[in-house]
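A.B. asks: Enclosed is the structure file input.csv (CSV, C-alpha atoms).
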```csv
chain,number,residue,atom,x,y,z
A,20,MET,CA,-35.0,0.2,-5.3
A,21,PRO,CA,-34.5,-2.1,-2.3
A,22,THR,CA,-31.7,-1.3,0.1
A,23,ALA,CA,-28.8,-3.6,0.3
A,24,SER,CA,-28.1,-5.9,3.2
A,25,LEU,CA,-26.8,-3.5,5.9
A,26,PHE,CA,-25.5,-5.1,9.0
A,27,GLU,CA,-26.3,-3.7,12.4
A,28,TYR,CA,-25.2,-5.1,15.7
A,29,VAL,CA,-28.1,-6.5,17.6
A,30,ALA,CA,-28.2,-7.7,21.2
A,31,ALA,CA,-31.0,-10.2,21.4
A,32,ASN,CA,-33.5,-10.0,24.2
A,33,LEU,CA,-34.8,-13.4,23.5
A,34,ASP,CA,-35.7,-15.3,26.7
A,35,SER,CA,-34.7,-18.7,25.5
A,36,PRO,CA,-32.3,-19.8,22.8
A,37,PRO,CA,-34.6,-20.5,19.9
A,38,LEU,CA,-34.2,-23.1,17.2
A,39,THR,CA,-31.9,-21.4,14.8
A,40,PRO,CA,-32.4,-22.2,11.2
A,41,GLU,CA,-30.2,-19.3,10.3
A,42,GLU,CA,-27.2,-21.1,12.0
A,43,GLY,CA,-24.1,-20.5,10.1
A,44,THR,CA,-25.6,-17.3,8.5
A,45,TYR,CA,-26.8,-15.0,11.2
A,46,GLY,CA,-25.5,-17.0,14.1
A,47,PRO,CA,-27.6,-18.5,16.8
A,48,PHE,CA,-29.7,-15.9,18.7
A,49,ARG,CA,-28.7,-16.0,22.3
A,50,PRO,CA,-29.8,-13.5,25.0
A,51,ASN,CA,-27.5,-10.5,25.5
A,52,ILE,CA,-25.0,-11.7,23.0
A,53,PRO,CA,-24.5,-9.2,20.2
A,54,ILE,CA,-24.6,-10.5,16.6
A,55,LYS,CA,-24.6,-8.9,13.2
A,56,VAL,CA,-27.8,-9.0,11.2
A,57,PRO,CA,-29.1,-7.0,8.3
A,58,LEU,CA,-30.9,-3.7,9.0
A,59,TYR,CA,-34.4,-4.9,8.0
A,60,LEU,CA,-34.2,-7.9,10.4
A,61,ALA,CA,-32.8,-5.7,13.2
A,62,LEU,CA,-35.7,-3.2,12.9
A,63,SER,CA,-38.3,-6.0,12.6
A,64,LEU,CA,-37.0,-7.7,15.8
A,65,TYR,CA,-36.7,-4.3,17.5
A,66,ARG,CA,-40.4,-3.5,16.7
A,67,ARG,CA,-41.4,-6.7,18.3
A,68,GLY,CA,-39.3,-6.0,21.4
A,69,LYS,CA,-37.0,-9.0,20.8
A,70,CYS,CA,-33.7,-7.1,20.7
A,71,ARG,CA,-31.8,-3.9,21.3
A,72,ILE,CA,-30.0,-2.3,18.4
A,73,GLN,CA,-26.4,-1.0,18.9
A,74,LEU,CA,-25.2,2.0,17.0
A,75,PRO,CA,-23.2,1.2,13.9
A,76,PRO,CA,-19.4,2.0,14.4
A,77,TRP,CA,-19.4,4.8,11.8
A,78,MET,CA,-22.3,6.6,13.5
A,79,THR,CA,-20.5,7.4,16.8
A,80,LYS,CA,-19.7,11.1,17.5
A,81,GLU,CA,-16.0,10.6,17.2
A,82,GLU,CA,-16.1,8.8,13.9
A,83,LEU,CA,-18.5,11.4,12.4
A,84,LYS,CA,-16.3,14.3,13.7
A,85,GLY,CA,-13.3,12.7,12.0
A,86,ILE,CA,-15.2,12.2,8.7
A,87,LEU,CA,-16.5,15.7,8.7
A,88,GLU,CA,-13.0,17.1,9.4
A,89,GLU,CA,-11.6,15.1,6.5
A,90,GLU,CA,-14.4,16.3,4.2
A,91,ARG,CA,-13.7,19.9,5.0
A,92,THR,CA,-9.9,19.5,4.7
A,93,HIS,CA,-10.0,18.0,1.2
A,94,PRO,CA,-12.4,19.9,-1.1
A,95,GLN,CA,-11.3,18.1,-4.2
A,96,TYR,CA,-12.7,14.6,-3.4
A,97,PHE,CA,-15.2,12.8,-1.2
A,98,GLN,CA,-14.3,10.7,1.9
A,99,PRO,CA,-15.4,7.1,2.0
A,100,VAL,CA,-18.8,6.9,3.8
A,101,PRO,CA,-21.2,4.0,3.9
A,102,GLN,CA,-23.1,3.9,0.6
A,103,TYR,CA,-26.5,4.2,2.3
A,104,TYR,CA,-25.6,6.4,5.2
A,105,VAL,CA,-28.5,8.8,4.6
A,106,GLU,CA,-31.0,6.0,4.5
A,107,ILE,CA,-29.6,4.1,7.5
A,108,SER,CA,-29.4,7.3,9.6
A,109,LYS,CA,-33.0,8.3,8.7
A,110,LEU,CA,-34.4,4.9,9.6
A,111,LEU,CA,-32.5,4.8,12.9
A,112,PHE,CA,-33.6,8.3,13.8
A,113,THR,CA,-37.3,7.6,13.1
A,114,GLU,CA,-37.7,4.0,14.2
A,115,ALA,CA,-35.1,3.4,16.9
A,116,ARG,CA,-34.4,6.7,18.7
A,117,ALA,CA,-33.8,4.8,22.0
A,118,ILE,CA,-30.4,3.6,20.8
A,119,PHE,CA,-28.9,7.1,20.9
A,120,GLY,CA,-29.2,7.3,24.7
A,121,ASN,CA,-30.3,10.8,25.7
A,122,ASN,CA,-31.9,13.5,23.5
A,123,SER,CA,-28.8,15.7,23.4
A,124,GLU,CA,-26.6,12.9,21.9
A,125,LEU,CA,-29.3,12.2,19.3
A,126,CYS,CA,-29.4,16.0,18.4
A,127,GLU,CA,-25.6,16.1,18.1
A,128,ILE,CA,-25.3,13.1,15.9
A,129,TYR,CA,-28.3,14.4,13.8
A,130,ASP,CA,-26.6,17.8,13.4
A,131,MET,CA,-23.3,16.2,12.4
A,132,ILE,CA,-24.9,14.1,9.7
A,133,GLU,CA,-26.8,17.1,8.3
A,134,GLU,CA,-23.6,19.0,8.2
A,135,LEU,CA,-21.9,16.2,6.4
A,136,LYS,CA,-24.7,16.1,3.8
A,137,LYS,CA,-24.3,19.9,3.3
A,138,VAL,CA,-20.5,19.8,2.9
A,139,ARG,CA,-20.7,16.9,0.4
A,140,ASN,CA,-23.6,18.6,-1.5
A,141,SER,CA,-21.6,21.8,-1.9
A,142,LYS,CA,-18.7,19.8,-3.3
A,143,ILE,CA,-21.1,18.2,-5.8
A,144,LEU,CA,-22.4,21.7,-6.9
A,145,ASP,CA,-18.9,23.0,-7.3
A,146,GLY,CA,-18.1,20.0,-9.5
A,147,LEU,CA,-21.2,20.7,-11.6
A,148,ARG,CA,-20.2,24.3,-12.2
A,149,LYS,CA,-16.9,23.1,-13.6
A,150,VAL,CA,-18.7,20.8,-16.2
A,151,SER,CA,-18.2,22.8,-19.4
A,152,GLY,CA,-18.3,20.1,-22.1
A,153,PRO,CA,-19.1,16.5,-22.9
A,154,ILE,CA,-16.7,15.0,-20.4
A,155,THR,CA,-16.6,11.8,-18.3
A,156,VAL,CA,-17.0,12.6,-14.6
A,157,LYS,CA,-15.4,10.6,-11.8
A,158,LEU,CA,-17.2,10.8,-8.5
A,159,ASN,CA,-15.7,8.2,-6.1
A,160,HIS,CA,-17.3,7.5,-2.8
A,161,LEU,CA,-20.6,9.1,-3.8
A,162,SER,CA,-23.4,7.8,-1.7
A,163,HIS,CA,-26.6,6.4,-3.1
A,164,ALA,CA,-28.9,9.3,-2.0
A,165,GLU,CA,-26.5,11.9,-3.4
A,166,SER,CA,-26.3,10.1,-6.7
A,167,ASN,CA,-30.1,10.0,-6.9
A,168,LYS,CA,-30.3,13.7,-6.1
A,169,ILE,CA,-28.0,14.7,-8.9
A,170,ARG,CA,-28.9,12.0,-11.4
A,171,LEU,CA,-31.4,13.9,-13.5
A,172,LEU,CA,-29.3,17.1,-13.5
A,173,PHE,CA,-26.0,15.5,-14.4
A,174,GLU,CA,-27.3,13.0,-16.9
A,175,ASN,CA,-29.5,15.5,-18.8
A,176,SER,CA,-26.8,18.2,-18.9
A,177,LEU,CA,-24.2,15.8,-20.1
A,178,ASN,CA,-26.6,14.3,-22.7
A,179,MET,CA,-27.2,17.8,-23.9
A,180,TRP,CA,-23.5,18.6,-24.1
A,181,HIS,CA,-22.9,15.4,-26.1
A,182,GLN,CA,-25.7,16.2,-28.5
A,183,LEU,CA,-24.4,19.7,-29.0
A,184,SER,CA,-20.9,18.5,-29.6
A,185,LYS,CA,-22.2,15.9,-32.1
A,186,ASN,CA,-24.2,18.6,-34.0
A,187,ASP,CA,-21.1,20.9,-33.9
A,188,LYS,CA,-19.0,18.1,-35.4
A,189,VAL,CA,-21.5,17.5,-38.2
A,190,TRP,CA,-21.7,21.3,-38.9
A,191,GLN,CA,-17.9,21.5,-39.0
A,192,GLU,CA,-17.7,18.6,-41.5
A,193,ASN,CA,-20.4,20.2,-43.6
A,194,ARG,CA,-18.6,23.5,-43.5
A,195,LEU,CA,-15.3,22.0,-44.6
A,196,ALA,CA,-17.0,20.0,-47.4
A,197,GLY,CA,-18.8,23.2,-48.4
A,198,SER,CA,-15.6,25.3,-48.4
A,199,ASP,CA,-13.8,22.6,-50.5
A,200,THR,CA,-16.5,22.7,-53.1
A,201,SER,CA,-16.4,26.5,-53.3
A,202,MET,CA,-12.5,26.4,-53.8
A,203,THR,CA,-12.8,24.1,-56.8
A,204,LEU,CA,-15.4,26.4,-58.4
B,17,MET,CA,-23.1,-10.7,3.0
B,18,ALA,CA,-24.6,-14.1,3.6
B,19,ASP,CA,-27.8,-15.3,2.1
B,20,VAL,CA,-30.5,-16.7,4.5
B,21,LEU,CA,-32.0,-18.9,1.9
B,22,ARG,CA,-28.8,-20.8,1.3
B,23,SER,CA,-28.3,-21.5,4.9
B,24,LEU,CA,-31.7,-23.0,5.5
B,25,ASP,CA,-30.6,-26.3,3.9
B,26,PHE,CA,-29.8,-28.4,7.0
B,27,THR,CA,-27.7,-30.9,5.0
B,28,GLN,CA,-25.3,-28.2,4.0
B,29,GLY,CA,-22.0,-28.5,5.9
B,30,VAL,CA,-19.8,-26.2,3.9
B,31,PRO,CA,-20.1,-22.5,5.1
B,32,ALA,CA,-21.2,-20.0,2.5
B,33,ASP,CA,-18.5,-18.5,0.4
B,34,LEU,CA,-18.5,-14.8,1.5
B,35,VAL,CA,-16.0,-13.7,-1.1
B,36,GLU,CA,-18.2,-14.1,-4.1
B,37,LEU,CA,-21.4,-12.0,-4.5
B,38,ASP,CA,-24.4,-13.9,-3.2
B,39,ASP,CA,-27.7,-14.3,-5.1
B,40,PHE,CA,-29.3,-11.2,-3.5
B,41,GLU,CA,-26.5,-9.0,-4.7
B,42,LEU,CA,-26.4,-10.5,-8.1
B,43,LEU,CA,-30.1,-10.0,-8.5
B,44,THR,CA,-29.9,-6.5,-7.2
B,45,ASN,CA,-27.2,-5.7,-9.7
B,46,ALA,CA,-29.3,-7.2,-12.5
B,47,VAL,CA,-32.3,-5.1,-11.5
B,48,ARG,CA,-30.2,-1.9,-11.4
B,49,ASN,CA,-28.7,-2.6,-14.8
B,50,GLU,CA,-32.1,-3.3,-16.4
B,51,ARG,CA,-33.6,-0.1,-14.9
B,52,ASN,CA,-30.7,2.3,-15.8
B,53,THR,CA,-30.3,1.5,-19.4
B,54,GLN,CA,-32.5,1.0,-22.5
B,55,ASP,CA,-30.2,-1.7,-23.8
B,56,ILE,CA,-31.7,-5.2,-24.0
B,57,LEU,CA,-29.3,-7.1,-21.7
B,58,GLU,CA,-28.9,-10.9,-21.5
B,59,TYR,CA,-31.5,-12.7,-19.5
B,60,LYS,CA,-30.0,-14.2,-16.4
B,61,HIS,CA,-31.5,-17.7,-16.8
B,62,ASP,CA,-29.4,-19.5,-14.2
B,63,LEU,CA,-29.8,-16.9,-11.5
B,64,VAL,CA,-33.5,-16.6,-11.9
B,65,GLU,CA,-34.1,-20.3,-12.0
B,66,ARG,CA,-32.0,-20.8,-8.9
B,67,VAL,CA,-33.7,-18.1,-6.9
B,68,HIS,CA,-37.1,-19.2,-8.1
B,69,GLN,CA,-36.5,-22.8,-7.0
B,70,ARG,CA,-35.1,-21.8,-3.6
B,71,LEU,CA,-38.0,-19.4,-3.0
B,72,GLU,CA,-40.5,-22.3,-3.6
B,73,ASP,CA,-38.5,-24.6,-1.3
B,74,GLN,CA,-38.3,-22.0,1.4
B,75,THR,CA,-42.0,-21.0,1.1
B,76,ALA,CA,-42.9,-24.7,1.5
B,77,ARG,CA,-40.6,-25.0,4.5
B,78,VAL,CA,-42.1,-21.9,6.2
B,79,GLU,CA,-45.6,-23.3,5.7
B,80,SER,CA,-44.7,-26.5,7.3
B,81,TRP,CA,-43.2,-24.6,10.3
B,82,LYS,CA,-46.4,-22.6,10.6
B,83,GLU,CA,-48.5,-25.8,10.4
B,84,ALA,CA,-46.3,-27.4,13.1
B,85,SER,CA,-46.7,-24.4,15.4
B,86,ARG,CA,-50.5,-24.3,14.9
B,87,THR,CA,-50.9,-28.0,15.7
B,88,ASN,CA,-48.2,-27.9,18.4
B,89,ARG,CA,-46.7,-31.1,17.0
B,90,PHE,CA,-43.7,-31.1,19.3
B,91,PRO,CA,-44.9,-29.8,22.7
B,92,GLU,CA,-42.1,-31.5,24.6
B,93,GLU,CA,-39.5,-29.4,22.8
B,94,GLU,CA,-41.1,-26.0,23.6
B,95,VAL,CA,-39.5,-24.4,20.6
B,96,ASP,CA,-40.6,-20.8,19.7
B,97,MET,CA,-40.6,-20.7,15.9
B,98,SER,CA,-41.7,-17.1,15.6
B,99,VAL,CA,-38.3,-15.6,15.0
B,100,PRO,CA,-37.1,-18.1,12.3
B,101,ILE,CA,-40.5,-17.8,10.6
B,102,LEU,CA,-40.3,-14.0,10.7
B,103,CYS,CA,-36.7,-14.0,9.4
B,104,CYS,CA,-37.5,-16.4,6.5
B,105,THR,CA,-40.7,-14.6,5.6
B,106,LEU,CA,-39.0,-11.3,5.4
B,107,ASN,CA,-36.2,-12.7,3.2
B,108,ILE,CA,-38.7,-14.5,0.9
B,109,ASN,CA,-40.5,-11.2,0.5
B,110,ARG,CA,-37.3,-9.4,-0.4
B,111,PHE,CA,-36.3,-11.9,-3.0
B,112,ARG,CA,-39.9,-11.9,-4.5
B,113,PHE,CA,-39.8,-8.1,-4.8
B,114,LEU,CA,-36.5,-8.3,-6.6
B,115,LEU,CA,-37.6,-11.0,-9.0
B,116,LYS,CA,-40.8,-9.1,-9.9
B,117,ALA,CA,-38.8,-5.9,-10.3
B,118,TYR,CA,-36.4,-7.7,-12.7
B,119,TRP,CA,-39.2,-9.2,-14.8
B,120,ARG,CA,-41.2,-5.9,-14.9
B,121,ALA,CA,-38.2,-3.9,-16.0
B,122,ARG,CA,-37.4,-6.4,-18.8
B,123,LEU,CA,-41.0,-6.7,-19.9
B,124,GLN,CA,-41.3,-2.9,-20.2
B,125,LYS,CA,-38.3,-2.8,-22.5
B,126,VAL,CA,-39.5,-5.8,-24.5
B,127,GLU,CA,-42.8,-4.1,-25.1
B,128,ARG,CA,-41.2,-0.7,-26.0
B,129,PHE,CA,-38.7,-2.3,-28.5
B,130,ALA,CA,-40.8,-5.2,-29.7
B,131,THR,CA,-40.4,-4.4,-33.4
B,132,LEU,CA,-36.6,-4.2,-33.0
B,133,ILE,CA,-36.4,-7.5,-31.1
B,134,LEU,CA,-38.4,-9.4,-33.6
B,135,ASP,CA,-36.1,-8.1,-36.3
B,136,ASN,CA,-32.8,-8.8,-34.6
B,137,GLN,CA,-31.5,-12.3,-33.9
B,138,GLU,CA,-28.9,-11.2,-31.4
B,139,LEU,CA,-31.5,-9.4,-29.2
B,140,GLN,CA,-33.7,-12.5,-29.4
B,141,ARG,CA,-30.9,-14.5,-28.0
B,142,ASN,CA,-30.8,-12.1,-25.0
B,143,CYS,CA,-34.5,-12.7,-24.2
B,144,SER,CA,-36.1,-15.7,-22.5
B,145,PRO,CA,-38.6,-17.9,-24.4
B,146,LYS,CA,-41.5,-16.4,-22.4
B,147,GLU,CA,-40.4,-12.9,-23.2
B,148,LEU,CA,-40.1,-13.7,-26.9
B,149,ASN,CA,-43.6,-15.1,-26.8
B,150,HIS,CA,-44.9,-12.0,-25.0
B,151,CYS,CA,-43.1,-9.8,-27.5
B,152,LEU,CA,-44.7,-11.5,-30.5
B,153,GLN,CA,-48.2,-11.4,-29.0
B,154,TYR,CA,-47.8,-7.8,-28.0
B,155,PHE,CA,-46.6,-6.8,-31.4
B,156,VAL,CA,-49.5,-8.6,-33.1
B,157,ALA,CA,-52.0,-7.1,-30.7
B,158,VAL,CA,-50.7,-3.5,-30.9
B,159,GLY,CA,-50.1,-3.8,-34.7
B,160,LYS,CA,-53.7,-4.9,-35.2
B,161,CYS,CA,-55.1,-2.1,-33.0
B,162,LEU,CA,-53.0,0.6,-34.9
B,163,LYS,CA,-54.0,-0.8,-38.3
B,164,GLU,CA,-57.7,-0.9,-37.5
B,165,VAL,CA,-57.9,2.4,-35.6
B,166,VAL,CA,-55.5,4.6,-37.7
B,167,LEU,CA,-53.6,3.0,-40.6
B,168,ALA,CA,-56.6,1.6,-42.5
B,169,ARG,CA,-58.0,5.2,-42.8
B,170,LEU,CA,-54.7,6.6,-44.3
B,171,PRO,CA,-53.8,6.5,-48.0
B,172,ASP,CA,-52.3,3.2,-49.2
B,173,GLU,CA,-48.7,4.2,-49.2
B,174,PHE,CA,-48.8,5.3,-45.5
B,175,GLN,CA,-50.3,2.1,-44.2
B,176,THR,CA,-47.1,0.4,-43.1
B,177,LEU,CA,-46.1,0.0,-39.5
B,178,VAL,CA,-42.3,0.2,-39.8
B,179,GLN,CA,-41.8,2.8,-42.5
B,180,GLU,CA,-42.9,6.4,-42.7
B,181,SER,CA,-44.2,5.7,-46.1
B,182,GLN,CA,-43.7,3.0,-48.8
B,183,LEU,CA,-41.5,5.5,-50.6
B,184,THR,CA,-38.8,5.5,-47.9
B,185,GLU,CA,-36.1,2.8,-48.5
B,186,THR,CA,-35.2,2.1,-44.9
B,187,ARG,CA,-37.4,0.9,-42.1
B,188,ASP,CA,-37.2,4.2,-40.2
B,189,MET,CA,-40.1,3.9,-37.8
B,190,ILE,CA,-38.6,1.2,-35.6
B,191,PRO,CA,-37.8,2.6,-32.1
B,192,MET,CA,-34.2,2.0,-31.1
B,193,PRO,CA,-32.7,2.0,-27.6
B,194,ARG,CA,-30.6,5.1,-27.0
B,195,LEU,CA,-27.2,3.8,-26.0
B,196,ASP,CA,-25.4,7.2,-26.0
B,197,ARG,CA,-27.2,8.4,-22.9
B,198,CYS,CA,-25.1,9.1,-19.8
B,199,VAL,CA,-25.3,6.6,-16.9
B,200,PHE,CA,-23.8,6.3,-13.4
B,201,VAL,CA,-21.5,3.3,-13.4
B,202,LYS,CA,-19.6,1.6,-10.5
B,203,LEU,CA,-16.7,-0.7,-11.2
B,204,LEU,CA,-16.8,-4.1,-9.4
B,205,LYS,CA,-13.4,-5.2,-10.6
B,206,ASP,CA,-10.4,-3.5,-12.3
B,207,ALA,CA,-11.2,-2.9,-15.9
B,208,GLY,CA,-7.9,-1.6,-17.2
B,209,HIS,CA,-7.8,1.2,-19.7
B,210,VAL,CA,-11.2,2.0,-21.2
B,211,ALA,CA,-11.8,4.5,-24.1
B,212,VAL,CA,-14.1,7.3,-23.0
B,213,ASP,CA,-14.5,9.2,-26.2
B,214,SER,CA,-15.8,8.2,-29.6
B,215,GLU,CA,-12.4,8.4,-31.3
B,216,GLY,CA,-10.9,6.0,-28.8
B,217,GLN,CA,-8.0,8.3,-28.0
B,218,GLN,CA,-8.8,9.3,-24.5
B,219,LEU,CA,-8.2,6.3,-22.1
B,220,VAL,CA,-9.0,6.1,-18.4
B,221,ASP,CA,-7.7,3.5,-16.1
B,222,MET,CA,-10.8,2.2,-14.3
B,223,LYS,CA,-10.2,0.5,-10.9
B,224,ALA,CA,-12.6,-1.4,-8.7
B,225,GLY,CA,-14.8,0.9,-6.6
B,226,ASP,CA,-14.6,3.9,-9.0
B,227,ILE,CA,-17.8,5.7,-9.9
B,228,TYR,CA,-18.1,7.4,-13.3
B,229,ILE,CA,-20.8,9.3,-15.2
B,230,ILE,CA,-20.2,8.2,-18.8
B,231,GLN,CA,-22.0,7.4,-22.0
B,232,TYR,CA,-23.5,3.9,-21.9
B,233,HIS,CA,-21.9,2.6,-25.1
B,234,HIS,CA,-18.4,3.1,-23.8
B,235,ILE,CA,-19.0,0.7,-20.9
B,236,GLN,CA,-21.5,-1.6,-22.5
B,237,ARG,CA,-18.9,-4.4,-22.7
B,238,LEU,CA,-18.1,-4.0,-19.0
B,239,ILE,CA,-21.8,-4.4,-18.0
B,240,GLN,CA,-22.2,-7.5,-20.2
B,241,GLN,CA,-19.2,-9.1,-18.5
B,242,ASP,CA,-20.4,-8.1,-15.0
B,243,ILE,CA,-17.3,-6.1,-14.4
B,244,ALA,CA,-19.4,-3.0,-13.6
B,245,VAL,CA,-22.9,-2.2,-12.5
B,246,LEU,CA,-25.1,0.8,-13.2
B,247,ILE,CA,-26.2,2.6,-10.1
```
Hey, can you dump this file as structure tokens for me?
C.D. replies:
Amino acid sequence: MPTASLFEYVAANLDSPPLTPEEGTYGPFRPNIPIKVPLYLALSLYRRGKCRIQLPPWMTKEELKGILEEERTHPQYFQPVPQYYVEISKLLFTEARAIFGNNSELCEIYDMIEELKKVRNSKILDGLRKVSGPITVKLNHLSHAESNKIRLLFENSLNMWHQLSKNDKVWQENRLAGSDTSMTL
Amino acid sequence: MADVLRSLDFTQGVPADLVELDDFELLTNAVRNERNTQDILEYKHDLVERVHQRLEDQTARVESWKEASRTNRFPEEEVDMSVPILCCTLNINRFRFLLKAYWRARLQKVERFATLILDNQELQRNCSPKELNHCLQYFVAVGKCLKEVVLARLPDEFQTLVQESQLTETRDMIPMPRLDRCVFVKLLKDAGHVAVDSEGQQLVDMKAGDIYIIQYHHIQRLIQQDIAVLI
């Protein structure tokens, strides 16, 4: 499944202002002027040494601390996070380590994101334990990676519950029909 | 989220409308919907034609840029076309991948439920002419193979493709899509109150941005009207 267009801030290293066919869409590329482009373009330009990538605003230490605090404070529901935060963070950690400054900052941000993933995962497992019948589940602000992780488990267990409840209904109806017949005899 | 392909038309003066979903998002949603359900959804004729046409135009334009850079047609301008060519090529590849994924997902379903589609006028309206053609050829080819390899060696009353035997009254060997399986759905717009059980008694107020895990047939109408997308 392709990732959606995810915008990163990119400061161009381009030596001269190029012809810009993307004018009006991704802005003219000028040296040292930050512009927003999708993640795939930012990484391609970064690999060719044509730009520097700036950290997305949600991936700073302060923002992540705030989101983590909110996640721990409210165990009943998820906090809004970027839909592809797992994928973006993995790509930036592997392909663009230089944007995190020194090693310690990289480790801190990495640890915070891992902690966030664990807290959210435990909320999902708590929710799964509470599923006791063929219900409709509401899971707002679920990220894409988390939904893929629980997809098979949730879908199959709910499908099984629905099948059991359907069989149960048919059995009840047959029992009532059978008991009516026995009364008339 | 702007669309590079749209902006590469130099005559266009009006900026892209960023409020509506652009073609990339529409095509992504279409691919997701096709992959996450067995239902035969309506073929997005307009969207596919539009994207296909623009892909061809942009491929031609990129080729002309590459040709110009190779022959160094405008040496006095000293223009470095590598970044625009890179940007356009990447975007063309993304759109090509999505188109192929869309067609593949649909063709897999058409092959799986070929008998049902050929039997059902409504489902035939949901398919494109090429898909219907493929469906017919696939059914004929597979039917012929099954008859020659297996059915011809069975007793006469068991030689039918669509029934268990000629003694059964209904055509019970036609595979049907399972519409009661649970799916992950995300609402793109407010959908009001939607029934979430088979009796229609339990209603849920679905707002834009909500994510639910629900049986497909309850939200089939929302998917057909592009109010929700399967994720």
A.B. asks: What does the distance between CA of Thr105 in chain B and CA of Ala84 in chain B come to in Å, to one decimal place?
C.D. replies: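 That distance, rounded to one decimal, is 15.9 Å.
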A.B. asks: Dig up all the protein and nucleic acid residues within 10 Å of (-28.4, -12.2, -6.6) in the file frame, using only C-alpha atoms, and format them as a PyMOL selection string.
C.D. replies: chain B and resi 19+37-47+63-64+66-67+111+114-115
A.B. asks: Between CA of Ile108 in chain B and CA of Lys125 in chain B, what is the spacing in Å?
C.D. replies: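 Calculated distance between CA of Lys125 in chain B and CA of Ile108 in chain B is 26.2 Å.
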A.B. asks: Compile a residue-level contact table for range 50-134 of chain B against range 143-154 of chain B at a cut-off of 12 Å, reporting for every qualifying residue the shortest atom pair and its distance in Å to one decimal, with all atoms listed in the file counted, rows ordered by chain and ascending number, as a Markdown table.
C.D. replies:
```
| residue | atom | partner | partner_atom | distance |
| --- | --- | --- | --- | --- |
| B:Asp55 | CA | B:Cys143 | CA | 11.8 |
| B:Ile56 | CA | B:Cys143 | CA | 8.0 |
| B:Leu57 | CA | B:Cys143 | CA | 8.0 |
| B:Glu58 | CA | B:Cys143 | CA | 6.5 |
| B:Tyr59 | CA | B:Cys143 | CA | 5.6 |
| B:Lys60 | CA | B:Ser144 | CA | 8.8 |
| B:His61 | CA | B:Ser144 | CA | 7.6 |
| B:Asp62 | CA | B:Ser144 | CA | 11.3 |
| B:Val64 | CA | B:Ser144 | CA | 11.0 |
| B:Glu65 | CA | B:Ser144 | CA | 11.6 |
| B:Trp119 | CA | B:Glu147 | CA | 9.3 |
| B:Arg120 | CA | B:Glu147 | CA | 10.9 |
| B:Ala121 | CA | B:Glu147 | CA | 11.7 |
| B:Arg122 | CA | B:Glu147 | CA | 8.4 |
| B:Leu123 | CA | B:Glu147 | CA | 7.0 |
| B:Gln124 | CA | B:Cys151 | CA | 10.2 |
| B:Lys125 | CA | B:Cys151 | CA | 9.9 |
| B:Val126 | CA | B:Cys151 | CA | 6.2 |
| B:Glu127 | CA | B:Cys151 | CA | 6.2 |
| B:Arg128 | CA | B:Cys151 | CA | 9.4 |
| B:Phe129 | CA | B:Cys151 | CA | 8.8 |
| B:Ala130 | CA | B:Cys151 | CA | 5.6 |
| B:Thr131 | CA | B:Cys151 | CA | 8.4 |
| B:Leu132 | CA | B:Cys151 | CA | 10.2 |
| B:Ile133 | CA | B:Cys151 | CA | 7.9 |
| B:Leu134 | CA | B:Leu152 | CA | 7.3 |
```
A.B. asks: Do you have the CA of Pro191 in chain B-CA of Asp187 in chain A distance handy?
C.D. replies: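 CA of Asp187 in chain A lies at a distance of 24.8 Å from CA of Pro191 in chain B.
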A.B. asks: Write out as a PyMOL selection string which residues come within 10 Å of range 229-244 of chain B when counting only C-alpha atoms, dropping same-chain ones fewer than 6 positions away.
C.D. replies: (chain A and resi 153-158+170+173-174+177-178+181) or (chain B and resi 42+45-46+49+52-55+57-58+194-207+210-214+216)
A.B. asks: With all atoms listed in the file as the counted atoms, please give the residues lying no more than 12 Å from range 73-82 of chain A, apart from itself and same-chain residues fewer than 2 positions off, as JSON, numbers by chain.
C.D. replies: {"A": [25, 26, 27, 28, 29, 30, 31, 51, 52, 53, 54, 55, 56, 57, 58, 61, 62, 65, 70, 71, 84, 85, 86, 87, 88, 89, 99, 100, 101, 102, 103, 104, 105, 107, 108, 109, 111, 112, 115, 116, 117, 118, 119, 120, 123, 124, 125, 126, 127, 128, 129, 130, 131, 132, 135]}
A.B. asks: Have a look at A:Ser166, A:Asn193, A:Lys188, A:Phe97 and name the one nearest to Leu246 in chain B; count only C-alpha atoms.
C.D. replies: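 Among the listed residues, the smallest separation from Leu246 in chain B belongs to A:Ser166.
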A.B. asks: Counting all atoms listed in the file, which of B:Val156, B:Leu170, B:Leu219, B:Met189 gets nearest to chain A?
C.D. replies: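 Ranking B:Val156, B:Leu170, B:Leu219, B:Met189 by distance to chain A, first place goes to B:Leu219.
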A.B. asks: For a quick check of understanding, using only C-alpha atoms, which of B:Val178, B:Met222, B:Ile247, B:Ala117 has the smallest distance to Glu165 in chain A?
C.D. replies: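 The closest residue to Glu165 in chain A is B:Ile247.
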